[in-house]
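Here's entry-v5.cif, which has mmCIF, C-alpha atoms:
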```
data_target
loop_
_atom_site.group_PDB
_atom_site.id
_atom_site.type_symbol
_atom_site.label_atom_id
_atom_site.label_comp_id
_atom_site.auth_asym_id
_atom_site.auth_seq_id
_atom_site.Cartn_x
_atom_site.Cartn_y
_atom_site.Cartn_z
ATOM 1 C CA MET S 1 73.859 71.354 35.752
ATOM 2 C CA THR S 2 75.073 74.514 37.482
ATOM 3 C CA ASP S 3 74.045 75.736 40.892
ATOM 4 C CA SER S 4 72.384 79.122 41.393
ATOM 5 C CA THR S 5 75.580 80.747 42.733
ATOM 6 C CA SER S 6 77.770 80.145 39.674
ATOM 7 C CA PRO S 7 77.230 81.787 36.299
ATOM 8 C CA ASP S 8 76.350 79.557 33.398
ATOM 9 C CA PRO S 9 79.615 79.141 31.430
ATOM 10 C CA SER S 10 77.740 79.068 28.130
ATOM 11 C CA TYR S 11 77.051 82.781 28.505
ATOM 12 C CA ALA S 12 80.710 83.843 28.863
ATOM 13 C CA ASP S 13 81.030 84.418 25.118
ATOM 14 C CA ALA S 14 77.842 86.491 25.144
ATOM 15 C CA HIS S 15 79.208 88.596 28.013
ATOM 16 C CA ARG S 16 82.490 89.151 26.164
ATOM 17 C CA TYR S 17 80.598 90.157 23.043
ATOM 18 C CA ARG S 18 78.253 92.595 24.783
ATOM 19 C CA LEU S 19 80.523 94.003 27.487
ATOM 20 C CA GLY S 20 84.064 93.386 26.298
ATOM 21 C CA THR S 21 87.154 91.638 27.552
ATOM 22 C CA HIS S 22 86.723 92.754 31.152
ATOM 23 C CA TYR S 23 83.106 91.673 31.629
ATOM 24 C CA GLU S 24 84.121 89.787 34.784
ATOM 25 C CA ALA S 25 85.167 93.057 36.452
ATOM 26 C CA LEU S 26 81.538 94.145 36.862
ATOM 27 C CA PRO S 27 80.527 93.233 40.425
ATOM 28 C CA VAL S 28 77.595 91.111 39.243
ATOM 29 C CA ASN S 29 79.919 89.104 36.972
ATOM 30 C CA ALA S 30 82.967 89.041 39.246
ATOM 31 C CA PRO S 31 84.174 85.627 40.398
ATOM 32 C CA ARG S 32 84.283 84.973 44.124
ATOM 33 C CA SER S 33 87.948 83.998 43.883
ATOM 34 C CA PRO S 34 90.473 86.360 42.300
ATOM 35 C CA MET S 35 90.998 85.858 38.601
ATOM 36 C CA HIS S 36 94.463 86.226 37.086
ATOM 37 C CA HIS S 37 94.753 86.746 33.354
ATOM 38 C CA TYR S 38 96.662 88.859 30.865
ATOM 39 C CA HIS S 39 93.783 90.987 29.576
ATOM 40 C CA LYS S 40 95.087 94.509 29.966
ATOM 41 C CA ASP S 41 93.353 96.935 27.621
ATOM 42 C CA GLY S 42 89.991 96.967 25.906
ATOM 43 C CA GLN S 43 86.349 97.608 26.605
ATOM 44 C CA MET S 44 85.137 97.738 30.200
ATOM 45 C CA ARG S 45 88.651 98.154 31.626
ATOM 46 C CA PHE S 46 88.243 99.273 35.246
ATOM 47 C CA THR S 47 91.829 98.937 36.404
ATOM 48 C CA PRO S 48 94.233 101.902 36.181
ATOM 49 C CA ASN S 49 97.084 101.812 33.703
ATOM 50 C CA ASN S 50 99.350 104.050 35.770
ATOM 51 C CA PRO S 51 101.935 104.673 37.100
ATOM 52 C CA ILE S 52 103.594 101.653 35.450
ATOM 53 C CA PRO S 53 101.518 99.410 33.208
ATOM 54 C CA ASP S 54 101.738 95.765 34.107
ATOM 55 C CA ALA S 55 104.341 93.912 32.129
ATOM 56 C CA TYR S 56 102.436 91.024 30.571
ATOM 57 C CA TYR S 57 105.428 89.702 28.679
ATOM 58 C CA GLU S 58 108.608 87.902 29.520
ATOM 59 C CA PRO S 59 111.386 88.846 29.999
ATOM 60 C CA ASN S 60 110.458 92.207 31.521
ATOM 61 C CA SER S 61 111.909 94.713 33.976
ATOM 62 C CA PHE S 62 108.860 95.254 36.179
ATOM 63 C CA ASN S 63 108.440 91.961 38.079
ATOM 64 C CA GLY S 64 105.897 90.653 35.615
ATOM 65 C CA PRO S 65 105.352 86.995 34.807
ATOM 66 C CA VAL S 66 108.281 84.706 34.186
ATOM 67 C CA GLU S 67 108.469 81.428 32.367
ATOM 68 C CA ARG S 68 108.046 78.442 34.695
ATOM 69 C CA PRO S 69 109.488 75.439 32.826
ATOM 70 C CA GLU S 70 108.410 73.053 35.593
ATOM 71 C CA PHE S 71 104.790 73.644 34.540
ATOM 72 C CA ALA S 72 105.340 72.924 30.852
ATOM 73 C CA GLU S 73 103.217 70.207 29.349
ATOM 74 C CA PRO S 74 105.097 66.940 29.022
ATOM 75 C CA PRO S 75 105.823 65.659 25.519
ATOM 76 C CA LEU S 76 102.906 63.756 24.030
ATOM 77 C CA LYS S 77 103.501 60.458 22.246
ATOM 78 C CA ILE S 78 101.729 60.613 18.904
ATOM 79 C CA SER S 79 103.929 59.298 16.133
ATOM 80 C CA GLY S 80 107.210 60.144 17.713
ATOM 81 C CA ASP S 81 107.566 62.802 20.388
ATOM 82 C CA ALA S 82 105.631 66.044 20.244
ATOM 83 C CA ASP S 83 106.846 68.966 22.318
ATOM 84 C CA ARG S 84 106.708 72.724 22.375
ATOM 85 C CA TYR S 85 108.544 74.516 19.611
ATOM 86 C CA ASN S 86 111.120 76.995 20.863
ATOM 87 C CA HIS S 87 110.741 79.827 18.370
ATOM 88 C CA ARG S 88 113.847 81.534 19.731
ATOM 89 C CA VAL S 89 116.235 78.813 18.492
ATOM 90 C CA GLY S 90 117.800 79.989 15.251
ATOM 91 C CA ASN S 91 115.763 83.208 15.342
ATOM 92 C CA ASP S 92 117.526 86.196 13.800
ATOM 93 C CA ASP S 93 116.065 89.421 15.130
ATOM 94 C CA TYR S 94 118.765 91.674 13.729
ATOM 95 C CA SER S 95 119.339 91.070 10.002
ATOM 96 C CA GLN S 96 116.114 92.728 8.807
ATOM 97 C CA PRO S 97 116.556 95.926 10.871
ATOM 98 C CA ARG S 98 120.219 95.961 9.766
ATOM 99 C CA ALA S 99 119.187 95.775 6.109
ATOM 100 C CA LEU S 100 116.752 98.673 6.605
ATOM 101 C CA PHE S 101 119.326 100.716 8.547
ATOM 102 C CA ASN S 102 121.831 100.202 5.732
ATOM 103 C CA LEU S 103 119.322 101.658 3.251
ATOM 104 C CA PHE S 104 119.003 104.933 5.194
ATOM 105 C CA ASP S 105 120.914 107.995 4.092
ATOM 106 C CA ALA S 106 122.631 110.269 6.641
ATOM 107 C CA GLY S 107 119.547 112.461 7.111
ATOM 108 C CA GLN S 108 117.252 109.498 7.708
ATOM 109 C CA LYS S 109 119.705 108.046 10.225
ATOM 110 C CA ALA S 110 119.948 111.398 12.058
ATOM 111 C CA ARG S 111 116.130 111.590 12.321
ATOM 112 C CA LEU S 112 115.986 107.979 13.520
ATOM 113 C CA PHE S 113 118.570 108.641 16.232
ATOM 114 C CA SER S 114 116.814 111.826 17.353
ATOM 115 C CA ASN S 115 113.363 110.219 17.417
ATOM 116 C CA ILE S 116 114.592 107.246 19.438
ATOM 117 C CA ALA S 117 116.444 109.539 21.868
ATOM 118 C CA ASP S 118 113.247 111.585 22.316
ATOM 119 C CA ALA S 119 111.237 108.427 22.996
ATOM 120 C CA MET S 120 113.787 107.195 25.548
ATOM 121 C CA GLN S 121 113.515 110.277 27.764
ATOM 122 C CA GLY S 122 112.502 109.148 31.248
ATOM 123 C CA VAL S 123 113.317 105.485 30.572
ATOM 124 C CA PRO S 124 115.418 103.912 33.359
ATOM 125 C CA LYS S 125 119.141 103.909 32.501
ATOM 126 C CA PHE S 126 119.489 100.113 32.724
ATOM 127 C CA ILE S 127 116.726 99.665 30.139
ATOM 128 C CA VAL S 128 118.314 102.276 27.854
ATOM 129 C CA GLU S 129 121.607 100.367 28.063
ATOM 130 C CA ARG S 130 119.854 97.079 27.310
ATOM 131 C CA GLN S 131 118.197 98.629 24.260
ATOM 132 C CA LEU S 132 121.492 100.115 23.088
ATOM 133 C CA GLY S 133 122.869 96.569 23.245
ATOM 134 C CA HIS S 134 120.173 95.497 20.778
ATOM 135 C CA PHE S 135 120.985 98.451 18.521
ATOM 136 C CA GLU S 136 124.659 97.398 18.661
ATOM 137 C CA LYS S 137 123.693 93.933 17.390
ATOM 138 C CA VAL S 138 121.821 95.555 14.497
ATOM 139 C CA HIS S 139 124.763 97.795 13.570
ATOM 140 C CA PRO S 140 127.491 99.497 15.649
ATOM 141 C CA ASP S 141 126.688 102.855 13.995
ATOM 142 C CA TYR S 142 123.056 102.483 15.069
ATOM 143 C CA ALA S 143 123.987 102.189 18.758
ATOM 144 C CA ALA S 144 126.592 104.947 18.493
ATOM 145 C CA GLY S 145 124.136 107.311 16.795
ATOM 146 C CA VAL S 146 121.416 106.783 19.398
ATOM 147 C CA ARG S 147 123.961 107.101 22.218
ATOM 148 C CA ALA S 148 125.209 110.414 20.759
ATOM 149 C CA ALA S 149 121.643 111.709 20.366
ATOM 150 C CA LEU S 150 120.877 110.756 23.979
ATOM 151 C CA ALA S 151 124.022 112.584 25.157
ATOM 152 C CA ALA S 152 123.106 115.674 23.110
ATOM 153 C CA LYS S 153 119.602 115.776 24.581
ATOM 154 C CA ALA S 154 120.987 115.298 28.112
ATOM 155 C CA ALA S 155 123.425 118.203 27.559
ATOM 156 C CA LYS S 156 120.538 120.492 26.552
ATOM 157 C CA ALA S 157 118.527 119.566 29.655
#
```
Represent the structure from my file as structure tokens, please.
Amino acid sequence: MTDSTSPDPSYADAHRYRLGTHYEALPVNAPRSPMHHYHKDGQMRFTPNNPIPDAYYEPNSFNGPVERPEFAEPPLKISGDADRYNHRVGNDDYSQPRALFNLFDAGQKARLFSNIADAMQGVPKFIVERQLGHFEKVHPDYAAGVRAALAAKAAKA
């Protein structure tokens, strides 16, 4: 049984359906204690998305959430040990983009470099350098081409 000051939890799904992800932001639905979640966009969004959108991913460069291993669930004894799967172990994030990059002709590569350089305008230098490091892991020519396109755009500015 719920008291008259707390909303009936069985209606939360109805609220989400009718009002959207941010139904709890309406004053009548708002909890008395602050609520922290990772719902950023969607219906009924009342919070501003500027100047810097919250970084709801980890790792990030904007003081967003970080992994806290001390709060991980302990392994559960079932038939042997069960634990969280670390999807990063053995993960290869570079071979597929490398294969695609190797299929591009010179014109396609030039457009790729130019488009990425355009998109990186206004991005903090340390993030640009971090991204160029990823491009380097895909293919050295990829990083060099984007770096040259960035330099060309900076020279025109």
For this session: Take atom CA of Phe113 of chain S and atom CA of Asp92 of chain S and report the distance between them in Å, one decimal.
Result: 22.6 Å
Problem set entry | Shell around Ala152 of chain S at 10 Å using all atoms listed in the file, local window under 5 positions removed, as a PyMOL selection string | chain S and resi 114+117+146-147+157
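Atom CA of Asp118 of chain S to atom CA of Ala154 of chain S spans 10.4 Å [interatomic distance, one decimal].
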For this session: Quick one: apply the PyMOL selection byres ((chain S and resi 95) around 12) to the file and drop the selected residues here as a ChimeraX atom specification.
Result: /S:91-94,96-102,134-139
Exercise. What's the 12 Å shell around Lys125 of chain S, counting only C-alpha atoms, without same-chain residues fewer than 4 positions away, as a list in words?
Worked result: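 The residues that qualify are Ser61, Met120, Gln121, Glu129, Arg130, Gln131, Leu132, Arg147 and Leu150 of chain S.
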Saved selection, atoms kept: C-alpha atoms, as a short mmCIF file (atom, residue, chain, number, x, y, z; two decimals), in the coordinates of the input:
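Okay, this is what ended up in part.cif:
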```cif
data_model
loop_
_atom_site.label_atom_id
_atom_site.label_comp_id
_atom_site.auth_asym_id
_atom_site.auth_seq_id
_atom_site.Cartn_x
_atom_site.Cartn_y
_atom_site.Cartn_z
CA SER S 61 111.91 94.71 33.98
CA MET S 120 113.79 107.20 25.55
CA GLN S 121 113.52 110.28 27.76
CA GLU S 129 121.61 100.37 28.06
CA ARG S 130 119.85 97.08 27.31
CA GLN S 131 118.20 98.63 24.26
CA LEU S 132 121.49 100.12 23.09
CA ARG S 147 123.96 107.10 22.22
CA LEU S 150 120.88 110.76 23.98
#
```
Would you compute, for all listed atoms of segment 76-86 of chain S, the axis-aligned bounding box grown by 8 Å on each side, and then report its centre and edge lengths in Å rounded to one decimal, as JSON?
```
{"center_x": 106.4, "center_y": 68.1, "center_z": 20.1, "size_x": 25.4, "size_y": 33.7, "size_z": 23.9}
```
Problem set entry | Atomic distance atom CA of Phe71 of chain S - atom CA of Arg32 of chain S, expressed in Å with one decimal | 25.3 Å
Problem set entry | Contacts of Ala110 of chain S within 9 Å, all atoms listed in the file, excl. fewer than 4 positions in-chain, as a ChimeraX atom specification | /S:105-106,114-115,145-146,149
Exercise. Between S:Ile127, S:Ala119, S:Val89, S:Leu76, which one has atoms that come closest to Lys153 of chain S, using all atoms listed in the file?
Worked result: S:Ala119
